[in-house]
file query_12.json (JSON, C-alpha atoms)
[["chain", "number", "residue", "atom", "x", "y", "z"],
["A", 607, "MET", "CA", 78.18, 83.86, 80.21],
["A", 608, "ILE", "CA", 81.43, 85.11, 81.77],
["A", 609, "GLU", "CA", 84.57, 83.87, 80.02],
["A", 610, "PHE", "CA", 87.17, 83.26, 82.72],
["A", 611, "PRO", "CA", 90.89, 82.95, 81.97],
["A", 612, "MET", "CA", 91.95, 79.32, 81.84],
["A", 613, "VAL", "CA", 94.61, 79.90, 84.49],
["A", 614, "SER", "CA", 95.31, 82.85, 86.76],
["A", 615, "PHE", "CA", 97.90, 83.44, 89.46],
["A", 616, "GLU", "CA", 96.85, 86.26, 91.78],
["A", 617, "ASN", "CA", 99.65, 87.66, 93.99],
["A", 618, "VAL", "CA", 101.06, 84.15, 94.43],
["A", 619, "THR", "CA", 104.09, 83.82, 96.70],
["A", 620, "LYS", "CA", 106.18, 80.72, 97.37],
["A", 621, "ARG", "CA", 108.98, 80.52, 99.92],
["A", 622, "TYR", "CA", 111.42, 77.87, 101.04],
["A", 623, "GLY", "CA", 112.48, 79.14, 104.43],
["A", 624, "ALA", "CA", 114.14, 82.52, 103.92],
["A", 625, "LEU", "CA", 114.28, 82.04, 100.11],
["A", 626, "THR", "CA", 111.40, 83.59, 98.15],
["A", 627, "VAL", "CA", 111.04, 81.55, 94.95],
["A", 628, "LEU", "CA", 107.96, 83.38, 93.61],
["A", 629, "ASP", "CA", 107.27, 86.91, 94.71],
["A", 630, "ASN", "CA", 103.66, 88.13, 94.33],
["A", 631, "LEU", "CA", 103.30, 86.54, 90.89],
["A", 632, "ASN", "CA", 100.42, 87.78, 88.74],
["A", 633, "LEU", "CA", 99.94, 85.81, 85.53],
["A", 634, "THR", "CA", 96.79, 85.28, 83.46],
["A", 635, "ILE", "CA", 96.60, 82.70, 80.66],
["A", 636, "ALA", "CA", 93.72, 82.71, 78.20],
["A", 637, "ARG", "CA", 91.86, 79.64, 76.97],
["A", 638, "GLY", "CA", 93.88, 78.03, 74.18],
["A", 639, "GLU", "CA", 96.92, 80.26, 74.74],
["A", 640, "LYS", "CA", 100.41, 78.76, 74.44],
["A", 641, "VAL", "CA", 102.87, 80.34, 76.84],
["A", 642, "ALA", "CA", 106.62, 79.67, 76.95],
["A", 643, "ILE", "CA", 108.28, 80.28, 80.33],
["A", 644, "ILE", "CA", 112.00, 80.97, 80.09],
["A", 645, "GLY", "CA", 114.68, 82.24, 82.43],
["A", 646, "PRO", "CA", 117.81, 81.27, 84.35],
["A", 647, "SER", "CA", 117.95, 78.35, 86.77],
["A", 648, "GLY", "CA", 116.38, 79.18, 90.11],
["A", 649, "SER", "CA", 114.11, 81.89, 88.71],
["A", 650, "GLY", "CA", 110.89, 80.05, 89.70],
["A", 651, "LYS", "CA", 109.87, 78.65, 86.29],
["A", 652, "THR", "CA", 109.30, 75.02, 87.25],
["A", 653, "THR", "CA", 107.72, 76.06, 90.56],
["A", 654, "VAL", "CA", 104.90, 77.68, 88.55],
["A", 655, "LEU", "CA", 104.05, 74.32, 86.96],
["A", 656, "ARG", "CA", 104.48, 72.35, 90.18],
["A", 657, "MET", "CA", 102.06, 74.65, 91.99],
["A", 658, "LEU", "CA", 99.48, 74.16, 89.24],
["A", 659, "MET", "CA", 99.81, 70.40, 89.73],
["A", 660, "THR", "CA", 99.54, 71.00, 93.52],
["A", 661, "LEU", "CA", 102.93, 69.30, 93.94],
["A", 662, "GLU", "CA", 103.92, 72.45, 95.85],
["A", 663, "THR", "CA", 101.82, 74.48, 98.28],
["A", 664, "ILE", "CA", 101.68, 78.27, 98.08],
["A", 665, "ASP", "CA", 102.41, 80.75, 100.84],
["A", 666, "GLY", "CA", 100.25, 83.60, 99.63],
["A", 667, "GLY", "CA", 97.73, 84.52, 96.96],
["A", 668, "VAL", "CA", 95.29, 82.36, 94.97],
["A", 669, "ILE", "CA", 95.58, 80.18, 91.85],
["A", 670, "ARG", "CA", 92.42, 79.77, 89.76],
["A", 671, "VAL", "CA", 91.55, 77.42, 86.90],
["A", 672, "GLU", "CA", 88.61, 78.57, 84.75],
["A", 673, "GLY", "CA", 87.76, 81.05, 87.50],
["A", 674, "GLU", "CA", 87.56, 78.34, 90.16],
["A", 675, "PRO", "CA", 90.13, 78.50, 92.96],
["A", 676, "LEU", "CA", 92.57, 75.58, 92.90],
["A", 677, "THR", "CA", 94.42, 76.29, 96.11],
["A", 678, "HIS", "CA", 91.33, 77.45, 98.00],
["A", 679, "MET", "CA", 87.59, 76.87, 98.09],
["A", 680, "GLU", "CA", 84.66, 79.05, 99.03],
["A", 681, "ARG", "CA", 82.97, 78.52, 102.36],
["A", 682, "ASN", "CA", 80.37, 80.97, 103.71],
["A", 683, "GLY", "CA", 81.49, 83.57, 101.20],
["A", 684, "GLN", "CA", 85.14, 83.30, 102.27],
["A", 685, "LEU", "CA", 88.13, 81.66, 100.60],
["A", 686, "VAL", "CA", 89.63, 78.96, 102.81],
["A", 687, "PRO", "CA", 92.41, 76.46, 102.01],
["A", 688, "ALA", "CA", 91.09, 73.74, 99.70],
["A", 689, "ASP", "CA", 90.48, 70.22, 100.93],
["A", 690, "GLN", "CA", 91.75, 67.19, 98.99],
["A", 691, "ALA", "CA", 88.44, 66.49, 97.23],
["A", 692, "HIS", "CA", 88.18, 70.06, 95.91],
["A", 693, "THR", "CA", 91.83, 70.11, 94.84],
["A", 694, "ARG", "CA", 91.48, 66.81, 92.97],
["A", 695, "LYS", "CA", 88.37, 68.02, 91.14],
["A", 696, "VAL", "CA", 90.00, 71.22, 89.87],
["A", 697, "ARG", "CA", 93.39, 69.62, 89.21],
["A", 698, "ALA", "CA", 91.71, 67.05, 86.95],
["A", 699, "LYS", "CA", 91.65, 69.79, 84.29],
["A", 700, "ILE", "CA", 95.47, 69.82, 84.19],
["A", 701, "GLY", "CA", 97.99, 67.35, 82.75],
["A", 702, "MET", "CA", 101.76, 67.51, 83.09],
["A", 703, "VAL", "CA", 104.67, 65.99, 81.20],
["A", 704, "PHE", "CA", 107.86, 65.85, 83.22],
["A", 705, "GLN", "CA", 111.50, 66.12, 82.28],
["A", 706, "SER", "CA", 112.19, 62.56, 83.47],
["A", 707, "PHE", "CA", 109.28, 60.71, 81.73],
["A", 708, "ASN", "CA", 108.06, 59.04, 85.01],
["A", 709, "LEU", "CA", 106.57, 56.04, 83.20],
["A", 710, "PHE", "CA", 105.70, 52.93, 85.22],
["A", 711, "PRO", "CA", 108.57, 50.54, 84.35],
["A", 712, "HIS", "CA", 106.49, 47.37, 84.85],
["A", 713, "MET", "CA", 103.76, 48.48, 82.41],
["A", 714, "THR", "CA", 103.75, 48.60, 78.62],
["A", 715, "ALA", "CA", 103.23, 51.87, 76.77],
["A", 716, "LEU", "CA", 99.55, 51.03, 76.38],
["A", 717, "GLN", "CA", 99.13, 50.06, 80.04],
["A", 718, "ASN", "CA", 100.85, 53.28, 81.13],
["A", 719, "CYS", "CA", 98.25, 55.28, 79.19],
["A", 720, "MET", "CA", 95.29, 53.22, 80.39],
["A", 721, "GLU", "CA", 96.07, 53.17, 84.11],
["A", 722, "ALA", "CA", 94.79, 56.59, 85.22],
["A", 723, "PRO", "CA", 91.65, 56.71, 83.03],
["A", 724, "VAL", "CA", 90.58, 53.37, 84.56],
["A", 725, "LYS", "CA", 91.60, 54.10, 88.16],
["A", 726, "VAL", "CA", 90.80, 57.83, 88.35],
["A", 727, "LEU", "CA", 88.13, 58.48, 85.70],
["A", 728, "GLY", "CA", 86.40, 55.13, 86.06],
["A", 729, "LEU", "CA", 86.56, 54.26, 82.35],
["A", 730, "SER", "CA", 86.04, 50.64, 81.40],
["A", 731, "ARG", "CA", 89.18, 48.86, 80.24],
["A", 732, "ASP", "CA", 87.78, 48.76, 76.69],
["A", 733, "GLU", "CA", 87.13, 52.51, 76.69],
["A", 734, "ALA", "CA", 90.55, 53.24, 78.15],
["A", 735, "GLU", "CA", 92.25, 50.99, 75.61],
["A", 736, "ALA", "CA", 90.44, 52.65, 72.69],
["A", 737, "ARG", "CA", 91.35, 56.12, 73.95],
["A", 738, "SER", "CA", 94.97, 55.17, 74.68],
["A", 739, "THR", "CA", 95.41, 53.43, 71.32],
["A", 740, "GLU", "CA", 94.21, 56.55, 69.52],
["A", 741, "LEU", "CA", 96.58, 58.78, 71.49],
["A", 742, "LEU", "CA", 99.59, 56.49, 70.99],
["A", 743, "GLU", "CA", 98.87, 56.62, 67.27],
["A", 744, "MET", "CA", 98.71, 60.41, 67.42],
["A", 745, "VAL", "CA", 102.19, 60.62, 68.99],
["A", 746, "GLY", "CA", 103.59, 58.07, 66.53],
["A", 747, "MET", "CA", 103.90, 55.21, 69.03],
["A", 748, "SER", "CA", 101.15, 52.79, 67.99],
["A", 749, "ASN", "CA", 103.76, 50.27, 66.78],
["A", 750, "ARG", "CA", 105.37, 50.32, 70.25],
["A", 751, "ARG", "CA", 102.21, 49.98, 72.32],
["A", 752, "ASP", "CA", 103.28, 46.63, 73.82],
["A", 753, "TYR", "CA", 106.84, 47.71, 74.61],
["A", 754, "TYR", "CA", 108.04, 48.40, 78.14],
["A", 755, "PRO", "CA", 109.83, 51.69, 78.93],
["A", 756, "SER", "CA", 113.21, 49.93, 79.10],
["A", 757, "GLN", "CA", 112.70, 48.89, 75.46],
["A", 758, "LEU", "CA", 112.09, 52.46, 74.30],
["A", 759, "SER", "CA", 114.44, 55.35, 73.55],
["A", 760, "GLY", "CA", 114.19, 58.53, 75.62],
["A", 761, "GLY", "CA", 112.30, 60.28, 72.85],
["A", 762, "GLN", "CA", 109.85, 57.39, 72.57],
["A", 763, "GLN", "CA", 109.32, 57.34, 76.33],
["A", 764, "GLN", "CA", 108.61, 61.07, 76.31],
["A", 765, "ARG", "CA", 106.04, 60.64, 73.53],
["A", 766, "VAL", "CA", 104.32, 57.92, 75.57],
["A", 767, "ALA", "CA", 104.36, 60.28, 78.57],
["A", 768, "ILE", "CA", 102.59, 62.92, 76.45],
["A", 769, "ALA", "CA", 99.95, 60.38, 75.36],
["A", 770, "ARG", "CA", 99.49, 59.31, 79.00],
["A", 771, "ALA", "CA", 98.86, 62.89, 80.12],
["A", 772, "LEU", "CA", 96.39, 63.43, 77.27],
["A", 773, "ALA", "CA", 94.48, 60.27, 78.19],
["A", 774, "MET", "CA", 93.03, 62.18, 81.15],
["A", 775, "ARG", "CA", 91.47, 64.71, 78.74],
["A", 776, "PRO", "CA", 93.03, 67.78, 80.39],
["A", 777, "LYS", "CA", 92.19, 71.33, 79.35],
["A", 778, "VAL", "CA", 95.65, 72.57, 80.33],
["A", 779, "MET", "CA", 98.93, 70.83, 79.47],
["A", 780, "LEU", "CA", 102.15, 71.62, 81.31],
["A", 781, "PHE", "CA", 105.55, 70.73, 79.86],
["A", 782, "ASP", "CA", 108.58, 70.94, 82.16],
["A", 783, "GLU", "CA", 111.83, 70.93, 80.16],
["A", 784, "VAL", "CA", 110.53, 67.88, 78.30],
["A", 785, "THR", "CA", 113.54, 67.72, 75.96],
["A", 786, "SER", "CA", 116.36, 68.37, 78.43],
["A", 787, "ALA", "CA", 116.94, 64.67, 79.26],
["A", 788, "LEU", "CA", 117.02, 63.68, 75.59],
["A", 789, "ASP", "CA", 119.91, 63.19, 73.20],
["A", 790, "PRO", "CA", 120.00, 66.11, 70.74],
["A", 791, "GLU", "CA", 118.82, 64.00, 67.78],
["A", 792, "LEU", "CA", 115.68, 62.99, 69.70],
["A", 793, "VAL", "CA", 114.63, 66.52, 70.65],
["A", 794, "GLY", "CA", 113.03, 67.21, 67.28],
["A", 795, "GLU", "CA", 110.65, 64.25, 67.38],
["A", 796, "VAL", "CA", 109.22, 65.31, 70.76],
["A", 797, "LEU", "CA", 108.89, 68.96, 69.72],
["A", 798, "GLN", "CA", 107.10, 67.82, 66.57],
["A", 799, "VAL", "CA", 104.50, 66.00, 68.70],
["A", 800, "ILE", "CA", 103.98, 69.16, 70.78],
["A", 801, "ARG", "CA", 103.60, 71.20, 67.56],
["A", 802, "LYS", "CA", 100.94, 68.75, 66.39],
["A", 803, "LEU", "CA", 99.11, 69.00, 69.71],
["A", 804, "GLY", "CA", 99.09, 72.76, 69.46],
["A", 805, "ALA", "CA", 97.79, 72.73, 65.90],
["A", 806, "GLU", "CA", 95.11, 70.06, 66.28],
["A", 807, "HIS", "CA", 93.80, 70.43, 69.83],
["A", 808, "ASP", "CA", 92.27, 73.34, 71.69],
["A", 809, "LEU", "CA", 94.63, 72.98, 74.64],
["A", 810, "THR", "CA", 96.01, 75.70, 76.83],
["A", 811, "MET", "CA", 99.74, 75.00, 77.12],
["A", 812, "LEU", "CA", 102.47, 76.20, 79.48],
["A", 813, "MET", "CA", 105.97, 75.17, 78.61],
["A", 814, "VAL", "CA", 109.13, 75.70, 80.62],
["A", 815, "THR", "CA", 111.90, 75.40, 78.04],
["A", 816, "HIS", "CA", 115.48, 76.22, 77.12],
["A", 817, "GLN", "CA", 114.65, 75.69, 73.43],
["A", 818, "MET", "CA", 114.57, 79.34, 72.38],
["A", 819, "GLY", "CA", 113.91, 78.62, 68.71],
["A", 820, "PHE", "CA", 110.94, 76.47, 69.57],
["A", 821, "ALA", "CA", 109.59, 79.04, 72.04],
["A", 822, "LYS", "CA", 109.80, 81.72, 69.36],
["A", 823, "GLU", "CA", 108.06, 79.59, 66.76],
["A", 824, "PHE", "CA", 105.42, 77.88, 68.91],
["A", 825, "ALA", "CA", 104.34, 80.20, 71.70],
["A", 826, "ASP", "CA", 101.75, 82.97, 71.60],
["A", 827, "ARG", "CA", 103.58, 84.67, 74.47],
["A", 828, "VAL", "CA", 106.96, 84.41, 76.16],
["A", 829, "CYS", "CA", 107.35, 85.12, 79.89],
["A", 830, "PHE", "CA", 110.90, 85.74, 81.09],
["A", 831, "PHE", "CA", 111.32, 84.95, 84.79],
["A", 832, "HIS", "CA", 114.04, 86.36, 87.00],
["A", 833, "SER", "CA", 114.27, 86.24, 90.81],
["A", 834, "GLY", "CA", 110.74, 84.93, 91.24],
["A", 835, "GLN", "CA", 109.00, 87.53, 89.09],
["A", 836, "ILE", "CA", 108.06, 88.05, 85.45],
["A", 837, "CYS", "CA", 110.79, 90.43, 84.36],
["A", 838, "GLU", "CA", 109.44, 90.82, 80.81],
["A", 839, "GLU", "CA", 106.73, 89.24, 78.68],
["A", 840, "GLY", "CA", 105.49, 89.68, 75.17],
["A", 841, "GLU", "CA", 104.87, 88.32, 71.70],
["A", 842, "PRO", "CA", 107.79, 86.01, 70.82],
["A", 843, "THR", "CA", 109.15, 87.75, 67.73],
["A", 844, "ALA", "CA", 109.21, 91.13, 69.44],
["A", 845, "PHE", "CA", 110.70, 89.68, 72.62],
["A", 846, "PHE", "CA", 113.53, 87.82, 70.90],
["A", 847, "GLN", "CA", 114.34, 90.57, 68.39],
["A", 848, "ASN", "CA", 114.13, 93.52, 70.76],
["A", 849, "PRO", "CA", 113.96, 92.66, 74.48],
["A", 850, "GLN", "CA", 113.21, 95.76, 76.52],
["A", 851, "ASN", "CA", 114.74, 94.72, 79.84],
["A", 852, "GLU", "CA", 118.52, 94.62, 80.42],
["A", 853, "ARG", "CA", 118.24, 91.32, 82.34],
["A", 854, "SER", "CA", 116.34, 89.79, 79.38],
["A", 855, "ARG", "CA", 119.06, 90.98, 77.00],
["A", 856, "GLN", "CA", 121.80, 89.47, 79.18],
["A", 857, "PHE", "CA", 119.98, 86.14, 79.36],
["A", 858, "LEU", "CA", 119.35, 85.93, 75.62],
["A", 859, "ARG", "CA", 122.95, 86.86, 74.82],
["A", 860, "ALA", "CA", 124.23, 84.13, 77.12],
["A", 861, "VAL", "CA", 121.83, 81.49, 75.81],
["A", 862, "LEU", "CA", 122.40, 82.29, 72.15],
["A", 863, "GLU", "CA", 126.19, 82.35, 72.58],
["A", 864, "ALA", "CA", 126.06, 78.99, 74.37],
["A", 865, "GLY", "CA", 123.90, 77.56, 71.59]]

call {"tool": "encode", "arguments": {"input": "query_12.json", "output": "structure tokens"}}
result
Amino acid sequence: MIEFPMVSFENVTKRYGALTVLDNLNLTIARGEKVAIIGPSGSGKTTVLRMLMTLETIDGGVIRVEGEPLTHMERNGQLVPADQAHTRKVRAKIGMVFQSFNLFPHMTALQNCMEAPVKVLGLSRDEAEARSTELLEMVGMSNRRDYYPSQLSGGQQQRVAIARALAMRPKVMLFDEVTSALDPELVGEVLQVIRKLGAEHDLTMLMVTHQMGFAKEFADRVCFFHSGQICEEGEPTAFFQNPQNERSRQFLRAVLEAG
């Protein structure tokens, strides 16, 4: 049986008018691999995640998930742009946690986690509640299951958002600057949940982050983006101790001095 990469970008280009945000990106992510995506603002990092969630269209190339095209589908031996049904089916393998939590304000933590499994996966309410309760316990929020988002701190809301994404049983989890909207003392609790996920679950994870220490400790690979391309990538310790590219060195100097 052929083992496909979990995610692959093949010559993927994204433009906004005259601005090329991603320029012929080639990136392959293995099953279970944890990849940190770092780089300056405007380098295309978040666009990578948004294209995987099909929140952005692509202007060239193909994105595949487990070997199956996400952005396209096969018809008569040719790749043609995917229709909504095909896109939904492939995208169901992917979950995303956003910078801004995006919880439903009129639903409790438990209801937020149950909504999509019931509406999208067709789980019974009892099944969805059992699954959601287990996940809220895993992220340390079982004692807040009946609280509304407005009653929770930013760190607690982000942990509920992680449980909500996991309730869909994704194979790939995307994290977009999930600590940047948090007060500094709350960052640790969210990163600890992500550490636990990585240790206990066979998830493929892509994380856009400015937390260099966490990227070094957690990731299997770091990809440094600049001007819409991967400027340098490698094993975290080697990358942070001895970056090979001058642009990588400039970025790390600036980030570490700021920190």

call {"tool": "residues_around", "arguments": {"input": "query_12.json", "residues": "segment 830-839 of chain A", "least_positions_apart": "3", "cutoff": "6 Å", "atoms": "all atoms listed in the file", "output": "list in words"}}
result
Val627, Leu628, Asp629, Ile644, Gly645, Ser649 and Gly650 of chain A

call {"tool": "axis_aligned_box", "arguments": {"input": "query_12.json", "around": "segment 611-623 of chain A", "padding_each_side": "3 Å", "output": "AutoDock Vina command-line options"}}
result
--center_x 101.7 --center_y 82.8 --center_z 93.1 --size_x 27.6 --size_y 15.8 --size_z 28.6

call {"tool": "atom_distance", "arguments": {"input": "query_12.json", "atom1": "atom CA of Gly804 of chain A", "atom2": "atom CA of Glu823 of chain A"}}
result
11.6 Å

call {"tool": "atom_distance", "arguments": {"input": "query_12.json", "atom1": "atom CA of Leu658 of chain A", "atom2": "atom CA of Asn632 of chain A"}}
result
13.7 Å

call {"tool": "atom_distance", "arguments": {"input": "query_12.json", "atom1": "atom CA of Pro776 of chain A", "atom2": "atom CA of Ala825 of chain A"}}
result
18.9 Å

call {"tool": "closest_residue", "arguments": {"input": "query_12.json", "among": "A:His692, A:Lys620, A:Lys640, A:Arg737", "to": "Met813 of chain A", "atoms": "all atoms listed in the file"}}
result
A:Lys640

call {"tool": "closest_atom_pairs", "arguments": {"input": "query_12.json", "of": "segment 662-720 of chain A", "to": "segment 754-766 of chain A", "cutoff": "7 Å", "atoms": "all atoms listed in the file", "output": "JSON lines"}}
result
{"residue": "A:Phe707", "atom": "CA", "partner": "A:Gln764", "partner_atom": "CA", "distance": 5.5}
{"residue": "A:Leu709", "atom": "CA", "partner": "A:Pro755", "partner_atom": "CA", "distance": 6.9}
{"residue": "A:Pro711", "atom": "CA", "partner": "A:Pro755", "partner_atom": "CA", "distance": 5.7}
{"residue": "A:His712", "atom": "CA", "partner": "A:Tyr754", "partner_atom": "CA", "distance": 7.0}
{"residue": "A:Met713", "atom": "CA", "partner": "A:Tyr754", "partner_atom": "CA", "distance": 6.0}
{"residue": "A:Thr714", "atom": "CA", "partner": "A:Tyr754", "partner_atom": "CA", "distance": 4.3}
{"residue": "A:Ala715", "atom": "CA", "partner": "A:Tyr754", "partner_atom": "CA", "distance": 6.1}

call {"tool": "residues_around", "arguments": {"input": "query_12.json", "residues": "Gln847 of chain A", "least_positions_apart": "4", "cutoff": "12 Å", "atoms": "only C-alpha atoms", "output": "number ranges by chain"}}
result
A: 818-819, 822, 840-843, 854-855, 858-859

call {"tool": "write_last_selection", "arguments": {"input": "query_12.json", "atoms": "C-alpha atoms", "output": "PDB file, in the frame of the given file"}}
result
ATOM      1  CA  MET A 818     114.570  79.340  72.380  1.00  0.00           C
ATOM      2  CA  GLY A 819     113.910  78.620  68.710  1.00  0.00           C
ATOM      3  CA  LYS A 822     109.800  81.720  69.360  1.00  0.00           C
ATOM      4  CA  GLY A 840     105.490  89.680  75.170  1.00  0.00           C
ATOM      5  CA  GLU A 841     104.870  88.320  71.700  1.00  0.00           C
ATOM      6  CA  PRO A 842     107.790  86.010  70.820  1.00  0.00           C
ATOM      7  CA  THR A 843     109.150  87.750  67.730  1.00  0.00           C
ATOM      8  CA  SER A 854     116.340  89.790  79.380  1.00  0.00           C
ATOM      9  CA  ARG A 855     119.060  90.980  77.000  1.00  0.00           C
ATOM     10  CA  LEU A 858     119.350  85.930  75.620  1.00  0.00           C
ATOM     11  CA  ARG A 859     122.950  86.860  74.820  1.00  0.00           C
TER      12      ARG A 859
END

call {"tool": "closest_residue", "arguments": {"input": "query_12.json", "among": "A:Leu788, A:Pro687, A:Asn682, A:Tyr622", "to": "Glu662 of chain A", "atoms": "all atoms listed in the file"}}
result
A:Tyr622

call {"tool": "closest_residue", "arguments": {"input": "query_12.json", "among": "A:Met720, A:Met612, A:Leu631, A:Val784", "to": "Val696 of chain A", "atoms": "all atoms listed in the file"}}
result
A:Met612

call {"tool": "closest_residue", "arguments": {"input": "query_12.json", "among": "A:Ala805, A:Ala698, A:Met744, A:Met811", "to": "Asp782 of chain A", "atoms": "only C-alpha atoms"}}
result
A:Met811

call {"tool": "residues_near_point", "arguments": {"input": "query_12.json", "point": "(98.8, 82.3, 97.0)", "cutoff": "12 Å", "atoms": "all atoms listed in the file", "output": "PDB file with C-alpha atoms, in the coordinates of the input"}}
result
ATOM      1  CA  SER A 614      95.310  82.850  86.760  1.00  0.00           C
ATOM      2  CA  PHE A 615      97.900  83.440  89.460  1.00  0.00           C
ATOM      3  CA  GLU A 616      96.850  86.260  91.780  1.00  0.00           C
ATOM      4  CA  ASN A 617      99.650  87.660  93.990  1.00  0.00           C
ATOM      5  CA  VAL A 618     101.060  84.150  94.430  1.00  0.00           C
ATOM      6  CA  THR A 619     104.090  83.820  96.700  1.00  0.00           C
ATOM      7  CA  LYS A 620     106.180  80.720  97.370  1.00  0.00           C
ATOM      8  CA  ARG A 621     108.980  80.520  99.920  1.00  0.00           C
ATOM      9  CA  LEU A 628     107.960  83.380  93.610  1.00  0.00           C
ATOM     10  CA  ASP A 629     107.270  86.910  94.710  1.00  0.00           C
ATOM     11  CA  ASN A 630     103.660  88.130  94.330  1.00  0.00           C
ATOM     12  CA  LEU A 631     103.300  86.540  90.890  1.00  0.00           C
ATOM     13  CA  ASN A 632     100.420  87.780  88.740  1.00  0.00           C
ATOM     14  CA  VAL A 654     104.900  77.680  88.550  1.00  0.00           C
ATOM     15  CA  MET A 657     102.060  74.650  91.990  1.00  0.00           C
ATOM     16  CA  LEU A 658      99.480  74.160  89.240  1.00  0.00           C
ATOM     17  CA  THR A 660      99.540  71.000  93.520  1.00  0.00           C
ATOM     18  CA  GLU A 662     103.920  72.450  95.850  1.00  0.00           C
ATOM     19  CA  THR A 663     101.820  74.480  98.280  1.00  0.00           C
ATOM     20  CA  ILE A 664     101.680  78.270  98.080  1.00  0.00           C
ATOM     21  CA  ASP A 665     102.410  80.750 100.840  1.00  0.00           C
ATOM     22  CA  GLY A 666     100.250  83.600  99.630  1.00  0.00           C
ATOM     23  CA  GLY A 667      97.730  84.520  96.960  1.00  0.00           C
ATOM     24  CA  VAL A 668      95.290  82.360  94.970  1.00  0.00           C
ATOM     25  CA  ILE A 669      95.580  80.180  91.850  1.00  0.00           C
ATOM     26  CA  ARG A 670      92.420  79.770  89.760  1.00  0.00           C
ATOM     27  CA  PRO A 675      90.130  78.500  92.960  1.00  0.00           C
ATOM     28  CA  LEU A 676      92.570  75.580  92.900  1.00  0.00           C
ATOM     29  CA  THR A 677      94.420  76.290  96.110  1.00  0.00           C
ATOM     30  CA  HIS A 678      91.330  77.450  98.000  1.00  0.00           C
ATOM     31  CA  LEU A 685      88.130  81.660 100.600  1.00  0.00           C
ATOM     32  CA  VAL A 686      89.630  78.960 102.810  1.00  0.00           C
ATOM     33  CA  PRO A 687      92.410  76.460 102.010  1.00  0.00           C
ATOM     34  CA  ALA A 688      91.090  73.740  99.700  1.00  0.00           C
TER      35      ALA A 688
END

call {"tool": "closest_residue", "arguments": {"input": "query_12.json", "among": "A:Leu741, A:Ser730, A:Gln817, A:Thr693", "to": "Pro790 of chain A", "atoms": "all atoms listed in the file"}}
result
A:Gln817

call {"tool": "residues_near_point", "arguments": {"input": "query_12.json", "point": "(101.5, 52.2, 72.9)", "cutoff": "8 Å", "atoms": "only C-alpha atoms", "output": "ChimeraX atom specification"}}
result
/A:714-717,719,738-739,742-743,747-753,766

call {"tool": "write_last_selection", "arguments": {"input": "query_12.json", "atoms": "C-alpha atoms", "output": "mmCIF file, keeping the file's coordinate frame"}}
result
data_model
loop_
_atom_site.group_PDB
_atom_site.id
_atom_site.type_symbol
_atom_site.label_atom_id
_atom_site.label_comp_id
_atom_site.auth_asym_id
_atom_site.auth_seq_id
_atom_site.Cartn_x
_atom_site.Cartn_y
_atom_site.Cartn_z
ATOM 1 C CA THR A 714 103.750 48.600 78.620
ATOM 2 C CA ALA A 715 103.230 51.870 76.770
ATOM 3 C CA LEU A 716 99.550 51.030 76.380
ATOM 4 C CA GLN A 717 99.130 50.060 80.040
ATOM 5 C CA CYS A 719 98.250 55.280 79.190
ATOM 6 C CA SER A 738 94.970 55.170 74.680
ATOM 7 C CA THR A 739 95.410 53.430 71.320
ATOM 8 C CA LEU A 742 99.590 56.490 70.990
ATOM 9 C CA GLU A 743 98.870 56.620 67.270
ATOM 10 C CA MET A 747 103.900 55.210 69.030
ATOM 11 C CA SER A 748 101.150 52.790 67.990
ATOM 12 C CA ASN A 749 103.760 50.270 66.780
ATOM 13 C CA ARG A 750 105.370 50.320 70.250
ATOM 14 C CA ARG A 751 102.210 49.980 72.320
ATOM 15 C CA ASP A 752 103.280 46.630 73.820
ATOM 16 C CA TYR A 753 106.840 47.710 74.610
ATOM 17 C CA VAL A 766 104.320 57.920 75.570
#

call {"tool": "residues_around", "arguments": {"input": "query_12.json", "residues": "Leu655 of chain A", "least_positions_apart": "6", "cutoff": "12 Å", "atoms": "all atoms listed in the file", "output": "PyMOL selection string"}}
result
chain A and resi 613+615+628+641-643+661-663+669+697+700-704+778-783+811-815

call {"tool": "write_last_selection", "arguments": {"input": "query_12.json", "atoms": "C-alpha atoms", "output": "mmCIF file, in the coordinates of the input"}}
result
data_model
loop_
_atom_site.group_PDB
_atom_site.id
_atom_site.type_symbol
_atom_site.label_atom_id
_atom_site.label_comp_id
_atom_site.auth_asym_id
_atom_site.auth_seq_id
_atom_site.Cartn_x
_atom_site.Cartn_y
_atom_site.Cartn_z
ATOM 1 C CA VAL A 613 94.610 79.900 84.490
ATOM 2 C CA PHE A 615 97.900 83.440 89.460
ATOM 3 C CA LEU A 628 107.960 83.380 93.610
ATOM 4 C CA VAL A 641 102.870 80.340 76.840
ATOM 5 C CA ALA A 642 106.620 79.670 76.950
ATOM 6 C CA ILE A 643 108.280 80.280 80.330
ATOM 7 C CA LEU A 661 102.930 69.300 93.940
ATOM 8 C CA GLU A 662 103.920 72.450 95.850
ATOM 9 C CA THR A 663 101.820 74.480 98.280
ATOM 10 C CA ILE A 669 95.580 80.180 91.850
ATOM 11 C CA ARG A 697 93.390 69.620 89.210
ATOM 12 C CA ILE A 700 95.470 69.820 84.190
ATOM 13 C CA GLY A 701 97.990 67.350 82.750
ATOM 14 C CA MET A 702 101.760 67.510 83.090
ATOM 15 C CA VAL A 703 104.670 65.990 81.200
ATOM 16 C CA PHE A 704 107.860 65.850 83.220
ATOM 17 C CA VAL A 778 95.650 72.570 80.330
ATOM 18 C CA MET A 779 98.930 70.830 79.470
ATOM 19 C CA LEU A 780 102.150 71.620 81.310
ATOM 20 C CA PHE A 781 105.550 70.730 79.860
ATOM 21 C CA ASP A 782 108.580 70.940 82.160
ATOM 22 C CA GLU A 783 111.830 70.930 80.160
ATOM 23 C CA MET A 811 99.740 75.000 77.120
ATOM 24 C CA LEU A 812 102.470 76.200 79.480
ATOM 25 C CA MET A 813 105.970 75.170 78.610
ATOM 26 C CA VAL A 814 109.130 75.700 80.620
ATOM 27 C CA THR A 815 111.900 75.400 78.040
#
